[in-house]
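The structure under discussion appears below in the form of structure tokens.
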Amino acid sequence: MAGKTASKSSAKSMPRLTGGQFHTEMKRPKAGAYLFFGDENFVKRRELEALRKALCADASLDAFNHYVFTRDNYTSDALVSAILAPPVMVDLKLVELNCYPLNEMRKKEELTGLETALEAAAESPDTLLIVYTTPENFDAGEPKSPSAMMKLISKYAVPVEFTHETSQRLTMWVQKHFAADKIIAEFSECTYLIDTSGHDMTTLAGEIDKLCAYLHFKQRDKLERADIDYICPHNKEIGAFEFADAILDSNNEKAFYILGDMRKRNEEVTVILGGITKIYTDLLALKLCSDAGIVPDDAAKRLGLHPYVAKIRMAKAKDCDRRALEGVIDLCSDTDMALKTTAIEPYVLLERLIVQVSQYRKRKIFQ
């Protein structure tokens with residue numbers, strides 16, 4: 001045990017890989033420990049699925065060669081046991097620590113248990129351990145200033161960062177996906193789809209599926225810009241709506257995460273707040289329409305909204321308390337005034353808005 005303690009204290013962080021480098025390295029899977037992190041969940045999932053296909057082809061042996069640990073079944077002892085267990089009829093087994101909320105680990109015994117498991121995986125000749133994270137459950141910090149959890153994990157596991165693809169590579173990827181479904185999509189239309197829906201490949205894959213289904217239904221084989229405008233809500237509008245939705249539900253973790261993402265993209269605070277305010281005023285108007293028995297299509301015409309947007313938002317508005325919507329609109333107005341009259345950092349004012357809405361709910365002003 002003394003030797004192991006020394007090795008822990010002297011361990012150095014592993015060099016980082018990109019998703020592409022990991023893909024190349026794992027054409028022939030090998031033992032080791034790897035940390036999947038970064039914003040691009042689509043490619044992350046694709047690489048994990050490829051490993052499962054390569055290492056767990058025989059479903060009858062899954063119980064011996066494929067272990068998955070999540071919040072529901074994780075203990076450090078169970079993870080260590082899985083890592084130390086010999087594979088059956090294969091040379092390499094796959095162990096996943098999948099979407100565990102690593103940010104919540106605080107106690108010394110929790111961190112020690114995780115480190116013991118990571119060290120066991122790093123030394124195992126027959127285990128491939130993947131620590132699979134999403135931005136919601138893992139804070140990597142910055143390359144020059146990694147988080148404490150990143151420092152701990154990267155002593156034993158190779159960090160693999162999955163970032164959004166460049167616009168050009170992503171456009172080619174989008175074009176290939178349309179072609180696979182026998183839809184002709186020009187480069188300009190693919191670029192417009194990315195500008196509309198964002199660079200997240202999971203979101204884009206969903207939008208491509210919707211567009212292909214729509215075009216097949218219309219018995220057409222060529223994508224037009226008008227199809228994108230009709231089928232795909234704008235990315236910034238979705239982000240703002242999710243942000244507003246998270247605030248109203250007092251889901252502070254999600255709200256702060258979305259706000260942090262907007263901050264990384266250097267979005268103007270006044271534009272964000274304006275979008276949030278409009279969403280809530282639209283929700284209030286749709287709430288009143290719903291209470292009056294007005295159907296979504298008619299409400300869309302009255303309020304100048306796209307029918308699809310009106311339908312989605314009216315469903316949400318039905319579950320909202322009117323006083324809650326009015327209260328949030330007042331808070332948005334106060335925040336707008338503070339932006340114009342105080343020297344407080346603009347994003348701090350949006351963070352304060354999130355907390356203020358939570359305080360309203362704690363005082364039971366909202367239902």
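Identifiers for the structure tokens are assigned positionally: chains receive A, B, ... in sequence, residues are indexed from 1 per chain, and ligands are indexed from 1 in the order shown.
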List the spatial neighbours of A:Met149 as a PyMOL selection string - criterion: any atom at most 8 Å away, only C-alpha atoms, same-chain residues fewer than 4 positions off excluded. chain A and resi 102-103+139-140+153
As a PyMOL selection string, which residues of stretch 290-354 of chain A does DSSP assign to alpha helix (DSSP H)? chain A and resi 290-291+296-303+307-318+322-341+346-354
Taking the backbone alone, and naming residues the way the document does, which bits of stretch 130-354 of chain A are strand (DSSP E) by DSSP, as a list in words? Ile130, Val131, Tyr132, Gly141, Glu142, Ser145, Pro146, Val158, Pro159, Val160 and Glu161 of chain A
Which residue of A:Asp336, A:Glu115, A:Glu189, A:Asp291 approaches A:Ala315 most closely, using only C-alpha atoms: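 Going through A:Asp336, A:Glu115, A:Glu189, A:Asp291 one by one, the smallest distance to A:Ala315 is for A:Asp291.
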Could you list, as a list of chain:residue names, every residue within 12 Å of A:Glu25, counting only C-alpha atoms and ignoring same-chain residues fewer than 5 positions away?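 Non-adjacent residues within range: A:Leu17, A:Thr18, A:Gly19, A:Gly20, A:Lys30, A:Ala31, A:Gly32, A:Tyr34, A:Glu47, A:Leu51, A:Val158, A:Val160.
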Within 10 Å of A:Phe42, counting only C-alpha atoms, which residues qualify if same-chain residues fewer than 5 places away don't, as a PDB file with N, CA, C and O atoms, in the first residue's frame?
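Result written to around-v7.pdb:
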```pdb
ATOM      1  N   GLU A  47     -18.340   7.223 -30.606  1.00  0.00           N
ATOM      2  CA  GLU A  47     -17.106   6.503 -30.277  1.00  0.00           C
ATOM      3  C   GLU A  47     -17.362   5.420 -29.232  1.00  0.00           C
ATOM      4  O   GLU A  47     -16.802   4.326 -29.307  1.00  0.00           O
ATOM      5  N   PHE A 162     -13.870  16.265 -26.885  1.00  0.00           N
ATOM      6  CA  PHE A 162     -14.731  16.270 -28.058  1.00  0.00           C
ATOM      7  C   PHE A 162     -15.305  17.675 -28.223  1.00  0.00           C
ATOM      8  O   PHE A 162     -16.176  18.090 -27.452  1.00  0.00           O
ATOM      9  N   HIS A 164     -16.876  20.880 -30.848  1.00  0.00           N
ATOM     10  CA  HIS A 164     -17.681  21.031 -32.054  1.00  0.00           C
ATOM     11  C   HIS A 164     -16.773  21.123 -33.283  1.00  0.00           C
ATOM     12  O   HIS A 164     -15.703  21.729 -33.236  1.00  0.00           O
ATOM     13  N   ASP A 200     -24.170  21.901 -32.702  1.00  0.00           N
ATOM     14  CA  ASP A 200     -24.295  20.654 -31.952  1.00  0.00           C
ATOM     15  C   ASP A 200     -24.796  19.560 -32.884  1.00  0.00           C
ATOM     16  O   ASP A 200     -25.878  19.662 -33.475  1.00  0.00           O
ATOM     17  N   MET A 201     -24.018  18.485 -33.015  1.00  0.00           N
ATOM     18  CA  MET A 201     -24.330  17.447 -33.989  1.00  0.00           C
ATOM     19  C   MET A 201     -25.570  16.637 -33.611  1.00  0.00           C
ATOM     20  O   MET A 201     -26.276  16.130 -34.486  1.00  0.00           O
ATOM     21  N   THR A 202     -25.833  16.507 -32.320  1.00  0.00           N
ATOM     22  CA  THR A 202     -27.053  15.814 -31.894  1.00  0.00           C
ATOM     23  C   THR A 202     -28.284  16.577 -32.361  1.00  0.00           C
ATOM     24  O   THR A 202     -29.234  16.007 -32.907  1.00  0.00           O
ATOM     25  N   THR A 203     -28.268  17.901 -32.156  1.00  0.00           N
ATOM     26  CA  THR A 203     -29.373  18.744 -32.613  1.00  0.00           C
ATOM     27  C   THR A 203     -29.500  18.680 -34.127  1.00  0.00           C
ATOM     28  O   THR A 203     -30.601  18.531 -34.667  1.00  0.00           O
ATOM     29  N   LEU A 204     -28.369  18.785 -34.816  1.00  0.00           N
ATOM     30  CA  LEU A 204     -28.402  18.760 -36.280  1.00  0.00           C
ATOM     31  C   LEU A 204     -28.938  17.434 -36.811  1.00  0.00           C
ATOM     32  O   LEU A 204     -29.715  17.415 -37.770  1.00  0.00           O
ATOM     33  N   ALA A 205     -28.518  16.331 -36.198  1.00  0.00           N
ATOM     34  CA  ALA A 205     -29.007  15.025 -36.648  1.00  0.00           C
ATOM     35  C   ALA A 205     -30.530  14.951 -36.541  1.00  0.00           C
ATOM     36  O   ALA A 205     -31.205  14.430 -37.429  1.00  0.00           O
TER      37      ALA A 205
END
```
If we count only C-alpha atoms and set the cut-off at 10 Å, which residues sit around A:Leu288, ignoring sequence neighbours fewer than 2 positions away in its own chain? Please answer as a VMD selection string. chain A and resid 282 to 286 290 to 294 299 314 317 to 318 322
Go ahead and dump the residues you just picked, C-alpha atoms, as an mmCIF file, in the first residue's frame.
```cif
data_model
loop_
_atom_site.group_PDB
_atom_site.id
_atom_site.type_symbol
_atom_site.label_atom_id
_atom_site.label_comp_id
_atom_site.auth_asym_id
_atom_site.auth_seq_id
_atom_site.Cartn_x
_atom_site.Cartn_y
_atom_site.Cartn_z
ATOM 1 C CA ASP A 282 -45.635 35.558 -25.477
ATOM 2 C CA LEU A 283 -46.208 32.864 -22.855
ATOM 3 C CA LEU A 284 -48.482 35.179 -20.887
ATOM 4 C CA ALA A 285 -50.461 36.058 -24.025
ATOM 5 C CA LEU A 286 -50.722 32.368 -24.945
ATOM 6 C CA SER A 290 -55.545 29.099 -23.705
ATOM 7 C CA ASP A 291 -57.735 30.114 -20.767
ATOM 8 C CA ALA A 292 -60.154 31.688 -23.258
ATOM 9 C CA GLY A 293 -60.354 28.472 -25.285
ATOM 10 C CA ILE A 294 -58.456 29.792 -28.309
ATOM 11 C CA ALA A 299 -53.463 32.272 -31.245
ATOM 12 C CA MET A 314 -48.992 27.133 -25.578
ATOM 13 C CA ALA A 317 -48.188 28.147 -21.006
ATOM 14 C CA LYS A 318 -51.078 25.915 -19.913
ATOM 15 C CA ARG A 322 -50.333 33.646 -14.592
#
```
